[in-house]
Amino acid sequence: MHGDTESPRRARRGNRLALAGLFAVFVVPILTAYALNVWWPYWSPFGRMNHGELVKPAREIELDGIAEPATGRWILLHPVEASCDDACEARLGLVKRVHLSLGKDYDRVVRVFVHRAGVSGERVRFGDAGLISLPAPDAWFDRFGDDVPALLIVDPQRRAVLRYGSEIEPKGLARDLARMLKISKIG
């Protein structure tokens, strides 16, 4: 007689465990995701993936004068306020090597050297036929204030997405560029 009452209790306990298991499988991940989103919105489980600094929000870049060669292509943009010194030329050479390393995606990217209208870009242009030299007015550089980046990656819709300082790691730049080209449906 005692064994007959034990069976319904065991069945109810099994049902409760099954319900708790379903709750754990379906509801706990949703609650965890919500809590992470609300209380720790900038937490990233994998750390930083890109080597450049993400431009937030993506900034529109006007590049008058290069409509044809850069239409629908990614742009590696070198803004230089003064004349291009040895460090500037070294960065241009480094970015040229990264560009060449893209292989089949080489044609999806164009390199542009933007300099102040009064400063000549011929010293740089002479040794690099693939580099587009573009003079820009002082107002173009004013958008950056005192923090003009050494390199900007601009998407085919002319928005700056990543910026790099004077110290550019070639492998990091290559990874960033390859990742963007791989996932991009444009350009």
# chains A, B, ... in the order shown; residues from 1 in each chain; ligands from 1

call {"tool": "residues_around", "arguments": {"residues": "segment 159-174 of chain A", "least_positions_apart": "6", "cutoff": "8 Å", "atoms": "only C-alpha atoms", "output": "PDB file with all heavy atoms, in the first residue's frame"}}
result
ATOM      1  N   ASN A  50      39.132  43.914 -34.321  1.00  0.00           N
ATOM      2  CA  ASN A  50      39.804  44.750 -35.302  1.00  0.00           C
ATOM      3  C   ASN A  50      41.052  45.391 -34.695  1.00  0.00           C
ATOM      4  O   ASN A  50      41.141  45.597 -33.503  1.00  0.00           O
ATOM      5  CB  ASN A  50      38.848  45.821 -35.837  1.00  0.00           C
ATOM      6  CG  ASN A  50      38.195  46.612 -34.726  1.00  0.00           C
ATOM      7  OD1 ASN A  50      37.808  46.057 -33.719  1.00  0.00           O
ATOM      8  ND2 ASN A  50      38.056  47.903 -34.916  1.00  0.00           N
ATOM      9  N   HIS A  51      42.014  45.687 -35.552  1.00  0.00           N
ATOM     10  CA  HIS A  51      43.266  46.281 -35.103  1.00  0.00           C
ATOM     11  C   HIS A  51      43.241  47.799 -35.213  1.00  0.00           C
ATOM     12  O   HIS A  51      43.972  48.479 -34.520  1.00  0.00           O
ATOM     13  CB  HIS A  51      44.437  45.694 -35.899  1.00  0.00           C
ATOM     14  CG  HIS A  51      44.563  44.220 -35.691  1.00  0.00           C
ATOM     15  ND1 HIS A  51      45.262  43.682 -34.641  1.00  0.00           N
ATOM     16  CD2 HIS A  51      44.044  43.171 -36.368  1.00  0.00           C
ATOM     17  CE1 HIS A  51      45.191  42.371 -34.680  1.00  0.00           C
ATOM     18  NE2 HIS A  51      44.448  42.038 -35.729  1.00  0.00           N
ATOM     19  N   GLY A  52      42.419  48.307 -36.087  1.00  0.00           N
ATOM     20  CA  GLY A  52      42.222  49.747 -36.191  1.00  0.00           C
ATOM     21  C   GLY A  52      41.132  50.177 -35.233  1.00  0.00           C
ATOM     22  O   GLY A  52      40.447  49.356 -34.622  1.00  0.00           O
ATOM     23  N   GLU A  53      40.954  51.472 -35.112  1.00  0.00           N
ATOM     24  CA  GLU A  53      39.914  52.014 -34.238  1.00  0.00           C
ATOM     25  C   GLU A  53      38.641  52.207 -35.062  1.00  0.00           C
ATOM     26  O   GLU A  53      38.662  52.848 -36.111  1.00  0.00           O
ATOM     27  CB  GLU A  53      40.377  53.350 -33.661  1.00  0.00           C
ATOM     28  CG  GLU A  53      39.373  54.017 -32.773  1.00  0.00           C
ATOM     29  CD  GLU A  53      39.833  55.399 -32.346  1.00  0.00           C
ATOM     30  OE1 GLU A  53      41.043  55.688 -32.422  1.00  0.00           O
ATOM     31  OE2 GLU A  53      38.971  56.198 -31.962  1.00  0.00           O
ATOM     32  N   LEU A  54      37.552  51.645 -34.583  1.00  0.00           N
ATOM     33  CA  LEU A  54      36.275  51.752 -35.270  1.00  0.00           C
ATOM     34  C   LEU A  54      35.792  53.194 -35.226  1.00  0.00           C
ATOM     35  O   LEU A  54      35.804  53.831 -34.182  1.00  0.00           O
ATOM     36  CB  LEU A  54      35.252  50.837 -34.609  1.00  0.00           C
ATOM     37  CG  LEU A  54      33.966  50.573 -35.338  1.00  0.00           C
ATOM     38  CD1 LEU A  54      34.243  49.875 -36.673  1.00  0.00           C
ATOM     39  CD2 LEU A  54      33.057  49.711 -34.492  1.00  0.00           C
ATOM     40  N   VAL A  55      35.398  53.736 -36.362  1.00  0.00           N
ATOM     41  CA  VAL A  55      34.882  55.104 -36.440  1.00  0.00           C
ATOM     42  C   VAL A  55      33.390  55.033 -36.115  1.00  0.00           C
ATOM     43  O   VAL A  55      32.614  54.469 -36.871  1.00  0.00           O
ATOM     44  CB  VAL A  55      35.110  55.719 -37.836  1.00  0.00           C
ATOM     45  CG1 VAL A  55      34.507  57.105 -37.919  1.00  0.00           C
ATOM     46  CG2 VAL A  55      36.585  55.745 -38.181  1.00  0.00           C
ATOM     47  N   LYS A  56      33.023  55.581 -34.955  1.00  0.00           N
ATOM     48  CA  LYS A  56      31.619  55.573 -34.503  1.00  0.00           C
ATOM     49  C   LYS A  56      31.128  56.989 -34.358  1.00  0.00           C
ATOM     50  O   LYS A  56      31.719  57.743 -33.592  1.00  0.00           O
ATOM     51  CB  LYS A  56      31.499  54.872 -33.151  1.00  0.00           C
ATOM     52  CG  LYS A  56      31.614  53.392 -33.215  1.00  0.00           C
ATOM     53  CD  LYS A  56      31.336  52.828 -31.842  1.00  0.00           C
ATOM     54  CE  LYS A  56      31.464  51.334 -31.821  1.00  0.00           C
ATOM     55  NZ  LYS A  56      31.187  50.792 -30.506  1.00  0.00           N
ATOM     56  N   ALA A  58      30.041  55.956 -38.356  1.00  0.00           N
ATOM     57  CA  ALA A  58      30.802  56.015 -39.611  1.00  0.00           C
ATOM     58  C   ALA A  58      30.642  57.403 -40.211  1.00  0.00           C
ATOM     59  O   ALA A  58      29.547  57.924 -40.315  1.00  0.00           O
ATOM     60  CB  ALA A  58      30.300  54.949 -40.573  1.00  0.00           C
ATOM     61  N   ARG A  59      31.750  58.015 -40.563  1.00  0.00           N
ATOM     62  CA  ARG A  59      31.759  59.405 -41.030  1.00  0.00           C
ATOM     63  C   ARG A  59      31.838  59.459 -42.542  1.00  0.00           C
ATOM     64  O   ARG A  59      32.650  58.785 -43.164  1.00  0.00           O
ATOM     65  CB  ARG A  59      32.987  60.092 -40.423  1.00  0.00           C
ATOM     66  CG  ARG A  59      33.085  61.552 -40.717  1.00  0.00           C
ATOM     67  CD  ARG A  59      34.348  62.134 -40.148  1.00  0.00           C
ATOM     68  NE  ARG A  59      34.290  62.095 -38.694  1.00  0.00           N
ATOM     69  CZ  ARG A  59      35.335  62.380 -37.933  1.00  0.00           C
ATOM     70  NH1 ARG A  59      36.475  62.691 -38.467  1.00  0.00           N
ATOM     71  NH2 ARG A  59      35.235  62.342 -36.630  1.00  0.00           N
ATOM     72  N   GLU A  60      30.967  60.275 -43.139  1.00  0.00           N
ATOM     73  CA  GLU A  60      30.962  60.478 -44.593  1.00  0.00           C
ATOM     74  C   GLU A  60      32.246  61.203 -45.004  1.00  0.00           C
ATOM     75  O   GLU A  60      32.616  62.194 -44.396  1.00  0.00           O
ATOM     76  CB  GLU A  60      29.736  61.304 -44.987  1.00  0.00           C
ATOM     77  CG  GLU A  60      29.567  61.481 -46.466  1.00  0.00           C
ATOM     78  CD  GLU A  60      28.946  60.272 -47.131  1.00  0.00           C
ATOM     79  OE1 GLU A  60      28.231  59.509 -46.460  1.00  0.00           O
ATOM     80  OE2 GLU A  60      29.193  60.102 -48.329  1.00  0.00           O
ATOM     81  N   ILE A  61      32.907  60.713 -46.037  1.00  0.00           N
ATOM     82  CA  ILE A  61      34.146  61.310 -46.534  1.00  0.00           C
ATOM     83  C   ILE A  61      33.911  61.775 -47.970  1.00  0.00           C
ATOM     84  O   ILE A  61      33.597  60.976 -48.844  1.00  0.00           O
ATOM     85  CB  ILE A  61      35.309  60.287 -46.506  1.00  0.00           C
ATOM     86  CG1 ILE A  61      35.559  59.774 -45.086  1.00  0.00           C
ATOM     87  CG2 ILE A  61      36.563  60.882 -47.103  1.00  0.00           C
ATOM     88  CD1 ILE A  61      36.129  60.795 -44.140  1.00  0.00           C
ATOM     89  N   ARG A  91      54.977  54.561 -44.199  1.00  0.00           N
ATOM     90  CA  ARG A  91      53.602  54.078 -44.037  1.00  0.00           C
ATOM     91  C   ARG A  91      52.965  53.795 -45.400  1.00  0.00           C
ATOM     92  O   ARG A  91      52.261  52.806 -45.577  1.00  0.00           O
ATOM     93  CB  ARG A  91      52.753  55.089 -43.271  1.00  0.00           C
ATOM     94  CG  ARG A  91      52.872  54.999 -41.780  1.00  0.00           C
ATOM     95  CD  ARG A  91      51.813  55.799 -41.084  1.00  0.00           C
ATOM     96  NE  ARG A  91      51.792  57.204 -41.450  1.00  0.00           N
ATOM     97  CZ  ARG A  91      52.545  58.146 -40.893  1.00  0.00           C
ATOM     98  NH1 ARG A  91      53.397  57.837 -39.945  1.00  0.00           N
ATOM     99  NH2 ARG A  91      52.458  59.404 -41.293  1.00  0.00           N
ATOM    100  N   LEU A  94      54.307  50.540 -46.622  1.00  0.00           N
ATOM    101  CA  LEU A  94      53.734  49.438 -45.856  1.00  0.00           C
ATOM    102  C   LEU A  94      52.318  49.129 -46.335  1.00  0.00           C
ATOM    103  O   LEU A  94      51.970  47.975 -46.569  1.00  0.00           O
ATOM    104  CB  LEU A  94      53.722  49.813 -44.368  1.00  0.00           C
ATOM    105  CG  LEU A  94      53.128  48.819 -43.397  1.00  0.00           C
ATOM    106  CD1 LEU A  94      53.968  48.780 -42.144  1.00  0.00           C
ATOM    107  CD2 LEU A  94      51.711  49.209 -43.054  1.00  0.00           C
ATOM    108  N   VAL A  95      51.509  50.171 -46.516  1.00  0.00           N
ATOM    109  CA  VAL A  95      50.133  49.979 -46.965  1.00  0.00           C
ATOM    110  C   VAL A  95      50.112  49.454 -48.404  1.00  0.00           C
ATOM    111  O   VAL A  95      49.255  48.644 -48.761  1.00  0.00           O
ATOM    112  CB  VAL A  95      49.315  51.279 -46.809  1.00  0.00           C
ATOM    113  CG1 VAL A  95      47.938  51.148 -47.412  1.00  0.00           C
ATOM    114  CG2 VAL A  95      49.208  51.656 -45.333  1.00  0.00           C
ATOM    115  N   VAL A  98      50.634  45.758 -48.114  1.00  0.00           N
ATOM    116  CA  VAL A  98      49.401  45.111 -47.649  1.00  0.00           C
ATOM    117  C   VAL A  98      48.392  45.032 -48.797  1.00  0.00           C
ATOM    118  O   VAL A  98      47.738  44.005 -48.994  1.00  0.00           O
ATOM    119  CB  VAL A  98      48.802  45.869 -46.434  1.00  0.00           C
ATOM    120  CG1 VAL A  98      47.397  45.388 -46.125  1.00  0.00           C
ATOM    121  CG2 VAL A  98      49.696  45.715 -45.216  1.00  0.00           C
ATOM    122  N   HIS A  99      48.281  46.099 -49.568  1.00  0.00           N
ATOM    123  CA  HIS A  99      47.367  46.125 -50.713  1.00  0.00           C
ATOM    124  C   HIS A  99      47.743  45.039 -51.720  1.00  0.00           C
ATOM    125  O   HIS A  99      46.882  44.307 -52.222  1.00  0.00           O
ATOM    126  CB  HIS A  99      47.397  47.511 -51.350  1.00  0.00           C
ATOM    127  CG  HIS A  99      46.413  47.685 -52.457  1.00  0.00           C
ATOM    128  ND1 HIS A  99      46.655  48.530 -53.514  1.00  0.00           N
ATOM    129  CD2 HIS A  99      45.202  47.134 -52.701  1.00  0.00           C
ATOM    130  CE1 HIS A  99      45.632  48.482 -54.346  1.00  0.00           C
ATOM    131  NE2 HIS A  99      44.735  47.652 -53.875  1.00  0.00           N
ATOM    132  N   SER A 101      49.221  42.312 -51.105  1.00  0.00           N
ATOM    133  CA  SER A 101      49.030  40.986 -50.505  1.00  0.00           C
ATOM    134  C   SER A 101      47.578  40.512 -50.564  1.00  0.00           C
ATOM    135  O   SER A 101      47.293  39.376 -50.202  1.00  0.00           O
ATOM    136  CB  SER A 101      49.504  40.990 -49.055  1.00  0.00           C
ATOM    137  OG  SER A 101      48.588  41.682 -48.226  1.00  0.00           O
ATOM    138  N   LEU A 102      46.662  41.368 -51.016  1.00  0.00           N
ATOM    139  CA  LEU A 102      45.243  40.990 -51.060  1.00  0.00           C
ATOM    140  C   LEU A 102      44.930  39.941 -52.116  1.00  0.00           C
ATOM    141  O   LEU A 102      43.878  39.327 -52.081  1.00  0.00           O
ATOM    142  CB  LEU A 102      44.372  42.226 -51.288  1.00  0.00           C
ATOM    143  CG  LEU A 102      44.328  43.228 -50.151  1.00  0.00           C
ATOM    144  CD1 LEU A 102      43.528  44.453 -50.558  1.00  0.00           C
ATOM    145  CD2 LEU A 102      43.758  42.607 -48.894  1.00  0.00           C
ATOM    146  N   PRO A 149      44.134  61.165 -38.671  1.00  0.00           N
ATOM    147  CA  PRO A 149      44.626  59.779 -38.681  1.00  0.00           C
ATOM    148  C   PRO A 149      45.691  59.573 -39.753  1.00  0.00           C
ATOM    149  O   PRO A 149      45.741  60.299 -40.744  1.00  0.00           O
ATOM    150  CB  PRO A 149      43.377  58.966 -38.985  1.00  0.00           C
ATOM    151  CG  PRO A 149      42.486  59.900 -39.711  1.00  0.00           C
ATOM    152  CD  PRO A 149      42.777  61.273 -39.181  1.00  0.00           C
ATOM    153  N   ALA A 150      46.531  58.582 -39.556  1.00  0.00           N
ATOM    154  CA  ALA A 150      47.545  58.250 -40.554  1.00  0.00           C
ATOM    155  C   ALA A 150      46.925  57.467 -41.708  1.00  0.00           C
ATOM    156  O   ALA A 150      47.407  57.525 -42.831  1.00  0.00           O
ATOM    157  CB  ALA A 150      48.667  57.448 -39.908  1.00  0.00           C
ATOM    158  N   LEU A 151      45.843  56.745 -41.422  1.00  0.00           N
ATOM    159  CA  LEU A 151      45.194  55.933 -42.441  1.00  0.00           C
ATOM    160  C   LEU A 151      43.729  55.749 -42.073  1.00  0.00           C
ATOM    161  O   LEU A 151      43.395  55.555 -40.906  1.00  0.00           O
ATOM    162  CB  LEU A 151      45.865  54.556 -42.534  1.00  0.00           C
ATOM    163  CG  LEU A 151      45.267  53.565 -43.530  1.00  0.00           C
ATOM    164  CD1 LEU A 151      45.511  54.006 -44.961  1.00  0.00           C
ATOM    165  CD2 LEU A 151      45.836  52.180 -43.305  1.00  0.00           C
ATOM    166  N   LEU A 152      42.870  55.822 -43.070  1.00  0.00           N
ATOM    167  CA  LEU A 152      41.446  55.535 -42.909  1.00  0.00           C
ATOM    168  C   LEU A 152      41.059  54.463 -43.913  1.00  0.00           C
ATOM    169  O   LEU A 152      41.510  54.492 -45.063  1.00  0.00           O
ATOM    170  CB  LEU A 152      40.588  56.768 -43.189  1.00  0.00           C
ATOM    171  CG  LEU A 152      40.523  57.857 -42.146  1.00  0.00           C
ATOM    172  CD1 LEU A 152      39.815  59.086 -42.723  1.00  0.00           C
ATOM    173  CD2 LEU A 152      39.794  57.374 -40.915  1.00  0.00           C
ATOM    174  N   ILE A 153      40.231  53.526 -43.477  1.00  0.00           N
ATOM    175  CA  ILE A 153      39.629  52.595 -44.423  1.00  0.00           C
ATOM    176  C   ILE A 153      38.224  53.120 -44.686  1.00  0.00           C
ATOM    177  O   ILE A 153      37.430  53.288 -43.761  1.00  0.00           O
ATOM    178  CB  ILE A 153      39.584  51.161 -43.879  1.00  0.00           C
ATOM    179  CG1 ILE A 153      41.009  50.626 -43.699  1.00  0.00           C
ATOM    180  CG2 ILE A 153      38.800  50.252 -44.829  1.00  0.00           C
ATOM    181  CD1 ILE A 153      41.080  49.201 -43.196  1.00  0.00           C
TER     182      ILE A 153
END

call {"tool": "closest_residue", "arguments": {"among": "A:Pro8, A:Pro135, A:Pro41, A:Gly14", "to": "Leu63 of chain A", "atoms": "only C-alpha atoms"}}
result
A:Pro135

call {"tool": "closest_residue", "arguments": {"among": "A:Val109, A:Val27, A:Val114, A:Met49", "to": "Ile75 of chain A", "atoms": "only C-alpha atoms"}}
result
A:Val109

call {"tool": "select_by_dssp", "arguments": {"residues": "chain A", "states": "alpha helix (DSSP H)", "output": "NGL selection string"}}
result
:A and (2-39 or 67-70 or 86-100 or 122-125 or 138-142 or 170-183)

call {"tool": "atom_distance", "arguments": {"atom1": "atom CA of Arg111 of chain A", "atom2": "atom CA of Ala139 of chain A"}}
result
21.5 Å

call {"tool": "select_by_dssp", "arguments": {"residues": "segment 8-157 of chain A", "states": "strand (DSSP E)", "output": "short mmCIF file (atom, residue, chain, number, x, y, z; two decimals) with C-alpha atoms, in the first residue's frame"}}
result
data_model
loop_
_atom_site.label_atom_id
_atom_site.label_comp_id
_atom_site.auth_asym_id
_atom_site.auth_seq_id
_atom_site.Cartn_x
_atom_site.Cartn_y
_atom_site.Cartn_z
CA GLU A 53 39.91 52.01 -34.24
CA LEU A 54 36.27 51.75 -35.27
CA VAL A 55 34.88 55.10 -36.44
CA LYS A 56 31.62 55.57 -34.50
CA PRO A 57 29.43 56.68 -36.13
CA ALA A 58 30.80 56.01 -39.61
CA ARG A 59 31.76 59.41 -41.03
CA GLU A 60 30.96 60.48 -44.59
CA TRP A 74 37.19 50.27 -50.83
CA ILE A 75 39.65 53.10 -50.21
CA LEU A 76 42.82 53.13 -48.16
CA LEU A 77 42.97 56.85 -47.46
CA HIS A 78 46.19 58.60 -46.36
CA PRO A 79 45.37 62.14 -45.17
CA VAL A 80 48.60 64.17 -44.80
CA VAL A 109 40.70 48.40 -53.13
CA VAL A 110 42.28 51.68 -54.22
CA ARG A 111 44.86 53.79 -52.35
CA VAL A 112 44.39 57.57 -52.11
CA PHE A 113 46.86 60.14 -50.79
CA VAL A 114 45.04 63.32 -49.68
CA HIS A 115 47.22 66.37 -49.03
CA ARG A 116 46.65 70.08 -48.47
CA LEU A 131 48.55 55.79 -55.61
CA ILE A 132 45.99 58.49 -56.39
CA SER A 133 47.18 61.92 -55.24
CA LEU A 134 44.36 64.30 -54.35
CA PRO A 135 44.73 67.91 -53.14
CA ALA A 136 42.14 68.97 -50.57
CA LEU A 151 45.19 55.93 -42.44
CA LEU A 152 41.45 55.54 -42.91
CA ILE A 153 39.63 52.59 -44.42
CA VAL A 154 36.67 53.98 -46.37
#

call {"tool": "atom_distance", "arguments": {"atom1": "atom CA of Trp140 of chain A", "atom2": "atom CA of Ser83 of chain A"}}
result
16.0 Å
